[in-house]
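A.B. asks: Sharing a structure, written as structure tokens. Questions coming.
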Amino acid sequence: MDKSTSVTKGIFFIIVSAFGFSVMNLCVTLAGDLPTFQKALFRNAGALIVSAIMFLKSGDKLDTKIGDLGLLLLRASLGSIGLFANFYALDHMMISDASMLNKLAPFFTLILSAIFLREKTSWKQYMFVLIAFIGLLFIVKPTMEFTESLGASIVGIIGGIAAGAAYACVRGLGKRGMPSSQVVLGFSLVSTIIAIPFVINDHAPMSLKQVLLLSVAALGATFGQFGITWAYRCAPSKEISIFDYFTVIFSALWGFIFLSQVPDIYSLFGYLIIFSSALLMFFYNKRH
């Protein structure tokens, strides 16, 4: 397979992934007034089943070194925080806003990888991060008063930071040679275990519609996970990562069609700034 064909397939799969995750975002929102951890448990349990099957089919062995176990648990814990925070944000914000806050993760990954993994980072890349944070302000619209919307935005940002830190851990585990199937399985297992006590303590009865919606959310997340895995097998991140922002485009479309959500001019301007920064970083990374 030549390079152009591989990149084309990578772009296709990452757009499939974006579609899957956007469907997850929509169904989590449509599921209505259920505890955040209850929604997350459905998603996690589905991912656990799929990741276990993938792990068994991969032929990889559970031979984690003691020195890597801590980093794997840290990745799983941070990823769980990112997931729970994203679900909370989806319950209290427009899904396009929550999706864009979650897509700040690559910028946090850049910073944290430079600090903890000693990866070389140029001043231009830091400039792109600064531009993205300017866009963030237009979405959050901070005020002197603490409102529910501001609180949800802060949780969404925390989710983006946690997800970025989790991806930095993934990079570290990859450098140590841990198979990706084992990393995904570890995250799915830990996130499910973390959610269970919260659901036991605070849960609500679900209608058949809510069960179906959360089942579709789990299916969407599965498509997202498979898509992102296949995408990065076909092509390197610097060639296709920008297309992951289709998640925001799909989410905004679903929000308009199914929820009558229309982002205000400030949020739209924030999207444009963050996407432009990501695009600039994408082209910069392709040249280096």
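To be explicit about the labels: the chains of the structure tokens are called A, B, and onward in the order shown, and within each one the residues are counted from 1, while ligands get numbers from 1 in the order they are shown.
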Which residues, written as JSON, numbers by chain, have at least one atom at most 6 Å from Ala18 (chain A), with only C-alpha atoms counted and residues fewer than 5 positions away on the same chain left out?
C.D. replies: {"A": [244, 246, 247]}
A.B. asks: Could those selected residues go to a file with C-alpha atoms, as a CSV table (one decimal), in the first residue's frame?
C.D. replies:
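Printed below is again_0.csv as written:
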```csv
chain,number,residue,atom,x,y,z
A,244,ASP,CA,-10.4,14.5,14.5
A,246,PHE,CA,-14.9,16.5,12.7
A,247,THR,CA,-16.3,15.4,16.1
```
A.B. asks: Could you pull the residues within 12 Å of region 196-209 of chain A, counting only C-alpha atoms, minus those fewer than 5 positions along the same chain, as JSON, numbers by chain?
C.D. replies: {"A": [27, 28, 30, 31, 32, 33, 34, 35, 36, 37, 38, 39, 40, 41, 42, 44, 45, 84, 189, 190, 191, 214, 215, 216]}
A.B. asks: Can you write out the residues you just picked, keeping C-alpha atoms, as a compact mmCIF listing (two decimals), in the first residue's frame?
C.D. replies:
```txt
# COMPACT_ATOMS: atom_id res chain seq x y z
CA CYS A 27 -27.12 10.04 22.86
CA VAL A 28 -25.60 10.89 26.24
CA LEU A 30 -30.66 12.80 24.80
CA ALA A 31 -30.64 10.26 27.64
CA GLY A 32 -31.71 13.15 29.84
CA ASP A 33 -31.58 13.61 33.60
CA LEU A 34 -29.56 10.61 34.75
CA PRO A 35 -26.51 10.67 37.04
CA THR A 36 -23.33 11.28 35.08
CA PHE A 37 -21.63 8.15 36.41
CA GLN A 38 -24.61 6.02 35.44
CA LYS A 39 -24.28 7.21 31.85
CA ALA A 40 -20.54 6.70 31.94
CA LEU A 41 -20.90 3.14 33.27
CA PHE A 42 -22.89 2.14 30.18
CA ASN A 44 -17.36 2.02 29.96
CA ALA A 45 -18.93 -1.44 30.20
CA PHE A 84 -16.52 11.66 33.49
CA LEU A 189 -11.34 -1.86 33.23
CA VAL A 190 -10.28 0.88 35.66
CA SER A 191 -12.89 3.37 34.44
CA LEU A 214 -27.11 4.69 26.20
CA SER A 215 -26.65 1.43 24.32
CA VAL A 216 -26.29 3.41 21.10
```
A.B. asks: Rank A:Ala132, A:Ile249, A:Ala163, A:Leu56 by their smallest atom-to-atom distance to Asn102 (chain A), using only C-alpha atoms, and report the top residue only.
C.D. replies: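 Result for the nearest residue to Asn102 (chain A): A:Ala163.
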A.B. asks: Taking only residues of region 30-108 of chain A that have an atom at most 10 Å from an atom of region 174-185 of chain A, what is each one's shortest atom pair and its distance in Å to one decimal, using only C-alpha atoms, in chain and number order, as CSV?
C.D. replies:
```
residue,atom,partner,partner_atom,distance
A:Ala47,CA,A:Leu185,CA,8.5
A:Leu48,CA,A:Leu185,CA,6.5
A:Ile49,CA,A:Leu185,CA,9.0
A:Val50,CA,A:Leu185,CA,8.8
A:Ser51,CA,A:Leu185,CA,5.2
A:Ala52,CA,A:Leu185,CA,6.1
A:Ile53,CA,A:Leu185,CA,9.3
A:Met54,CA,A:Ser181,CA,6.6
A:Phe55,CA,A:Ser181,CA,5.2
A:Leu56,CA,A:Ser181,CA,8.9
A:Lys57,CA,A:Ser181,CA,9.5
A:Ser58,CA,A:Ser181,CA,7.3
A:Gly59,CA,A:Ser181,CA,9.6
A:Asp60,CA,A:Pro179,CA,7.2
A:Lys61,CA,A:Gln182,CA,8.2
A:Leu62,CA,A:Gln182,CA,7.4
A:Asp63,CA,A:Met178,CA,9.0
A:Thr64,CA,A:Met178,CA,7.5
A:Lys65,CA,A:Met178,CA,9.1
A:Gly67,CA,A:Arg176,CA,10.0
A:Asp68,CA,A:Arg176,CA,7.9
A:Leu72,CA,A:Val183,CA,6.8
A:Leu73,CA,A:Val183,CA,9.4
A:Arg75,CA,A:Val183,CA,8.3
A:Ala76,CA,A:Val183,CA,8.1
```
A.B. asks: Just write the chosen residues, C-alpha atoms, as a compact mmCIF listing (two decimals), in the first residue's frame.
C.D. replies:
```txt
# COMPACT_ATOMS: atom_id res chain seq x y z
CA ALA A 47 -15.83 -0.41 25.84
CA LEU A 48 -14.58 -3.02 28.32
CA ILE A 49 -16.25 -5.85 26.43
CA VAL A 50 -14.89 -4.64 23.09
CA SER A 51 -11.37 -3.98 24.39
CA ALA A 52 -11.28 -7.41 26.05
CA ILE A 53 -12.20 -9.04 22.75
CA MET A 54 -9.57 -6.95 20.92
CA PHE A 55 -6.96 -7.89 23.51
CA LEU A 56 -7.71 -11.61 23.26
CA LYS A 57 -7.62 -11.50 19.45
CA SER A 58 -4.34 -9.54 19.44
CA GLY A 59 -2.46 -12.41 21.07
CA ASP A 60 -0.76 -9.96 23.47
CA LYS A 61 0.06 -11.17 26.98
CA LEU A 62 -0.48 -9.48 30.34
CA ASP A 63 3.21 -9.08 31.07
CA THR A 64 3.20 -5.53 32.40
CA LYS A 65 6.47 -4.62 34.07
CA GLY A 67 7.76 -0.10 36.60
CA ASP A 68 5.09 0.43 33.94
CA LEU A 72 -0.73 2.47 33.22
CA LEU A 73 -2.88 3.10 36.31
CA ARG A 75 -3.25 6.78 32.37
CA ALA A 76 -6.44 4.89 33.26
```
A.B. asks: CA of Lys103 (chain A) and CA of Ile194 (chain A) are how many Å apart?
C.D. replies: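 Distance reported for this atom pair: 23.5 Å.
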A.B. asks: Here is a test: counting only C-alpha atoms, which residue of A:Asn86, A:Thr222, A:Ser113, A:Thr5 is nearest to Phe21 (chain A)?
C.D. replies: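 Among the listed residues, A:Thr222 lies closest to Phe21 (chain A).
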A.B. asks: Please determine, counting only C-alpha atoms, which residue among A:Leu90, A:Ala278, A:Ala105, A:Gly186 has the shortest atom-to-atom distance to Val155 (chain A).
C.D. replies: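 Closest to Val155 (chain A) of all the choices is A:Leu90.
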A.B. asks: Select, from A:Val23, A:Ile274, A:Ala152, A:Phe269, the residue with the minimum atom-to-atom distance to Trp254 (chain A), counting only C-alpha atoms.
C.D. replies: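 For Trp254 (chain A), the nearest of the candidates is A:Val23.
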A.B. asks: Which neighbours of Ser153 (chain A) fall inside 10 Å, counting only C-alpha atoms, when residues of the same chain fewer than 5 positions from it are skipped, and could you give them as a list in words?
C.D. replies: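 Once the adjacent positions are removed, what remains is Ala85, Asn86, Tyr88, Ala89, Leu90, His92, Met93, Asp97, Ala98, Leu101, Leu136, Ile139, Val140, Lys141, Pro142, Thr147, Glu148, Ile158 and Gly159 of chain A.
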A.B. asks: Could you tell me which of A:Leu71, A:Ile157, A:Leu117, A:Val7 comes closest to Phe133 (chain A) if we count only C-alpha atoms?
C.D. replies: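 Of the candidates, the smallest distance to Phe133 (chain A) is held by A:Ile157.
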A.B. asks: Counting only C-alpha atoms, what is within 6 Å of region 224-228 of chain A, bar same-chain residues fewer than 6 positions away, as number ranges by chain?
C.D. replies: A: 13-14, 16-17, 20-21
A.B. asks: I need the chosen residues saved as a PDB file, in the first residue's frame, with N, CA, C and O atoms.
C.D. replies:
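Written file, part01.pdb:
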```pdb
ATOM      1  N   PHE A  13     -10.892   6.638   8.319  1.00  0.00           N
ATOM      2  CA  PHE A  13     -11.158   5.999   9.614  1.00  0.00           C
ATOM      3  C   PHE A  13     -11.261   7.031  10.746  1.00  0.00           C
ATOM      4  O   PHE A  13     -12.062   6.851  11.676  1.00  0.00           O
ATOM      5  N   ILE A  14     -10.490   8.109  10.674  1.00  0.00           N
ATOM      6  CA  ILE A  14     -10.563   9.091  11.754  1.00  0.00           C
ATOM      7  C   ILE A  14     -11.870   9.879  11.669  1.00  0.00           C
ATOM      8  O   ILE A  14     -12.421  10.319  12.689  1.00  0.00           O
ATOM      9  N   VAL A  16     -14.656   8.433  10.558  1.00  0.00           N
ATOM     10  CA  VAL A  16     -15.580   7.439  11.120  1.00  0.00           C
ATOM     11  C   VAL A  16     -15.541   7.507  12.643  1.00  0.00           C
ATOM     12  O   VAL A  16     -16.580   7.473  13.321  1.00  0.00           O
ATOM     13  N   SER A  17     -14.334   7.641  13.188  1.00  0.00           N
ATOM     14  CA  SER A  17     -14.178   7.766  14.636  1.00  0.00           C
ATOM     15  C   SER A  17     -14.888   9.014  15.157  1.00  0.00           C
ATOM     16  O   SER A  17     -15.603   8.966  16.174  1.00  0.00           O
ATOM     17  N   GLY A  20     -18.569   8.451  15.233  1.00  0.00           N
ATOM     18  CA  GLY A  20     -18.959   7.588  16.347  1.00  0.00           C
ATOM     19  C   GLY A  20     -18.992   8.329  17.664  1.00  0.00           C
ATOM     20  O   GLY A  20     -19.961   8.225  18.433  1.00  0.00           O
ATOM     21  N   PHE A  21     -17.955   9.109  17.941  1.00  0.00           N
ATOM     22  CA  PHE A  21     -17.911   9.846  19.205  1.00  0.00           C
ATOM     23  C   PHE A  21     -18.976  10.946  19.251  1.00  0.00           C
ATOM     24  O   PHE A  21     -19.511  11.262  20.318  1.00  0.00           O
TER      25      PHE A  21
END
```
A.B. asks: Separation of CA of Met127 (chain A) and CA of Ala114 (chain A), in Å?
C.D. replies: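 CA of Ala114 (chain A) lies at a distance of 14.2 Å from CA of Met127 (chain A).
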A.B. asks: Tell me, as a PyMOL selection string, which residues lie within 10 Å of Lys9 (chain A), counting only C-alpha atoms; anything in the same chain fewer than 4 positions away does not count.
C.D. replies: chain A and resi 3-5+13-15+230-235+240
A.B. asks: How many Å separate CA of Ser149 (chain A) from CA of Ser80 (chain A)?
C.D. replies: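 Here the two named atoms are 22.1 Å from each other.
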A.B. asks: List as a list in words the protein and nucleic acid residues near Glu239 (chain A), meaning an atom at most 10 Å away when only C-alpha atoms are counted, but skip any in the same chain fewer than 4 places from it.
C.D. replies: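 So, after excluding close chain neighbours, the residues are Val7, Thr8, Gly10, Ile11, Tyr232, Ala235, Phe243, Phe282, Phe283, Asn285 and Lys286 of chain A.
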A.B. asks: Those residues you just picked out, can you put them in a file as an mmCIF file, in the first residue's frame with all heavy atoms?
C.D. replies:
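Output (selection13.cif):
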```
data_model
loop_
_atom_site.group_PDB
_atom_site.id
_atom_site.type_symbol
_atom_site.label_atom_id
_atom_site.label_comp_id
_atom_site.auth_asym_id
_atom_site.auth_seq_id
_atom_site.Cartn_x
_atom_site.Cartn_y
_atom_site.Cartn_z
ATOM 1 N N VAL A 7 -2.711 7.209 3.807
ATOM 2 C CA VAL A 7 -3.187 8.461 4.410
ATOM 3 C C VAL A 7 -4.685 8.633 4.153
ATOM 4 O O VAL A 7 -5.439 9.033 5.038
ATOM 5 C CB VAL A 7 -2.392 9.665 3.867
ATOM 6 C CG1 VAL A 7 -3.031 10.980 4.324
ATOM 7 C CG2 VAL A 7 -0.943 9.601 4.332
ATOM 8 N N THR A 8 -5.111 8.305 2.925
ATOM 9 C CA THR A 8 -6.543 8.416 2.593
ATOM 10 C C THR A 8 -7.368 7.512 3.493
ATOM 11 O O THR A 8 -8.420 7.912 4.004
ATOM 12 C CB THR A 8 -6.781 8.037 1.115
ATOM 13 O OG1 THR A 8 -6.036 8.928 0.283
ATOM 14 C CG2 THR A 8 -8.257 8.149 0.775
ATOM 15 N N GLY A 10 -6.461 6.443 6.446
ATOM 16 C CA GLY A 10 -6.362 6.996 7.792
ATOM 17 C C GLY A 10 -7.362 8.122 8.001
ATOM 18 O O GLY A 10 -8.016 8.209 9.052
ATOM 19 N N ILE A 11 -7.496 9.007 7.000
ATOM 20 C CA ILE A 11 -8.452 10.114 7.081
ATOM 21 C C ILE A 11 -9.879 9.569 7.166
ATOM 22 O O ILE A 11 -10.697 10.043 7.962
ATOM 23 C CB ILE A 11 -8.302 11.045 5.862
ATOM 24 C CG1 ILE A 11 -6.956 11.782 5.927
ATOM 25 C CG2 ILE A 11 -9.456 12.046 5.805
ATOM 26 C CD1 ILE A 11 -6.629 12.551 4.662
ATOM 27 N N TYR A 232 -4.749 5.392 13.071
ATOM 28 C CA TYR A 232 -3.338 5.591 13.376
ATOM 29 C C TYR A 232 -2.481 4.381 13.015
ATOM 30 O O TYR A 232 -1.255 4.458 13.063
ATOM 31 C CB TYR A 232 -3.168 5.973 14.851
ATOM 32 C CG TYR A 232 -3.655 7.389 15.108
ATOM 33 C CD1 TYR A 232 -4.681 7.644 15.999
ATOM 34 C CD2 TYR A 232 -3.097 8.462 14.423
ATOM 35 C CE1 TYR A 232 -5.136 8.940 16.215
ATOM 36 C CE2 TYR A 232 -3.547 9.756 14.627
ATOM 37 C CZ TYR A 232 -4.564 9.994 15.522
ATOM 38 O OH TYR A 232 -5.020 11.268 15.721
ATOM 39 N N ALA A 235 -1.858 5.693 9.169
ATOM 40 C CA ALA A 235 -1.089 6.914 8.929
ATOM 41 C C ALA A 235 -0.669 7.539 10.251
ATOM 42 O O ALA A 235 -1.361 7.388 11.268
ATOM 43 C CB ALA A 235 -1.926 7.916 8.121
ATOM 44 N N PHE A 243 -8.211 16.000 11.300
ATOM 45 C CA PHE A 243 -9.550 15.538 10.912
ATOM 46 C C PHE A 243 -10.359 15.040 12.110
ATOM 47 O O PHE A 243 -11.565 14.825 11.998
ATOM 48 C CB PHE A 243 -9.443 14.449 9.843
ATOM 49 C CG PHE A 243 -8.862 14.938 8.549
ATOM 50 C CD1 PHE A 243 -7.501 14.805 8.279
ATOM 51 C CD2 PHE A 243 -9.666 15.561 7.607
ATOM 52 C CE1 PHE A 243 -6.960 15.276 7.088
ATOM 53 C CE2 PHE A 243 -9.137 16.033 6.411
ATOM 54 C CZ PHE A 243 -7.786 15.899 6.157
ATOM 55 N N PHE A 282 -0.926 21.527 12.865
ATOM 56 C CA PHE A 282 -0.940 20.380 11.960
ATOM 57 C C PHE A 282 0.067 20.585 10.825
ATOM 58 O O PHE A 282 0.891 19.704 10.542
ATOM 59 C CB PHE A 282 -2.347 20.205 11.404
ATOM 60 C CG PHE A 282 -2.472 19.193 10.291
ATOM 61 C CD1 PHE A 282 -2.364 17.846 10.549
ATOM 62 C CD2 PHE A 282 -2.687 19.608 8.981
ATOM 63 C CE1 PHE A 282 -2.483 16.900 9.535
ATOM 64 C CE2 PHE A 282 -2.819 18.679 7.959
ATOM 65 C CZ PHE A 282 -2.701 17.324 8.231
ATOM 66 N N PHE A 283 0.035 21.745 10.188
ATOM 67 C CA PHE A 283 0.961 22.020 9.086
ATOM 68 C C PHE A 283 2.398 22.146 9.589
ATOM 69 O O PHE A 283 3.341 21.715 8.920
ATOM 70 C CB PHE A 283 0.544 23.289 8.332
ATOM 71 C CG PHE A 283 -0.639 23.097 7.446
ATOM 72 C CD1 PHE A 283 -1.784 23.880 7.614
ATOM 73 C CD2 PHE A 283 -0.651 22.143 6.449
ATOM 74 C CE1 PHE A 283 -2.898 23.710 6.788
ATOM 75 C CE2 PHE A 283 -1.748 21.950 5.623
ATOM 76 C CZ PHE A 283 -2.875 22.741 5.803
ATOM 77 N N ASN A 285 3.688 20.556 12.203
ATOM 78 C CA ASN A 285 4.176 19.213 12.510
ATOM 79 C C ASN A 285 4.499 18.415 11.242
ATOM 80 O O ASN A 285 5.408 17.572 11.239
ATOM 81 C CB ASN A 285 3.141 18.447 13.343
ATOM 82 C CG ASN A 285 3.014 18.999 14.747
ATOM 83 O OD1 ASN A 285 3.933 19.641 15.253
ATOM 84 N ND2 ASN A 285 1.888 18.752 15.387
ATOM 85 N N LYS A 286 3.758 18.660 10.160
ATOM 86 C CA LYS A 286 4.016 17.955 8.897
ATOM 87 C C LYS A 286 5.385 18.338 8.320
ATOM 88 O O LYS A 286 6.014 17.543 7.635
ATOM 89 C CB LYS A 286 2.919 18.255 7.882
ATOM 90 C CG LYS A 286 1.610 17.537 8.123
ATOM 91 C CD LYS A 286 0.703 17.592 6.901
ATOM 92 C CE LYS A 286 1.260 16.757 5.769
ATOM 93 N NZ LYS A 286 0.324 16.642 4.626
#
```
A.B. asks: Please give the complete set of residues from region 162-271 of chain A that DSSP, run on the backbone, assigns to alpha helix (DSSP H), formatted as a ChimeraX atom specification.
C.D. replies: /A:162-175,180-201,208-234,237-240,246-259,265-271
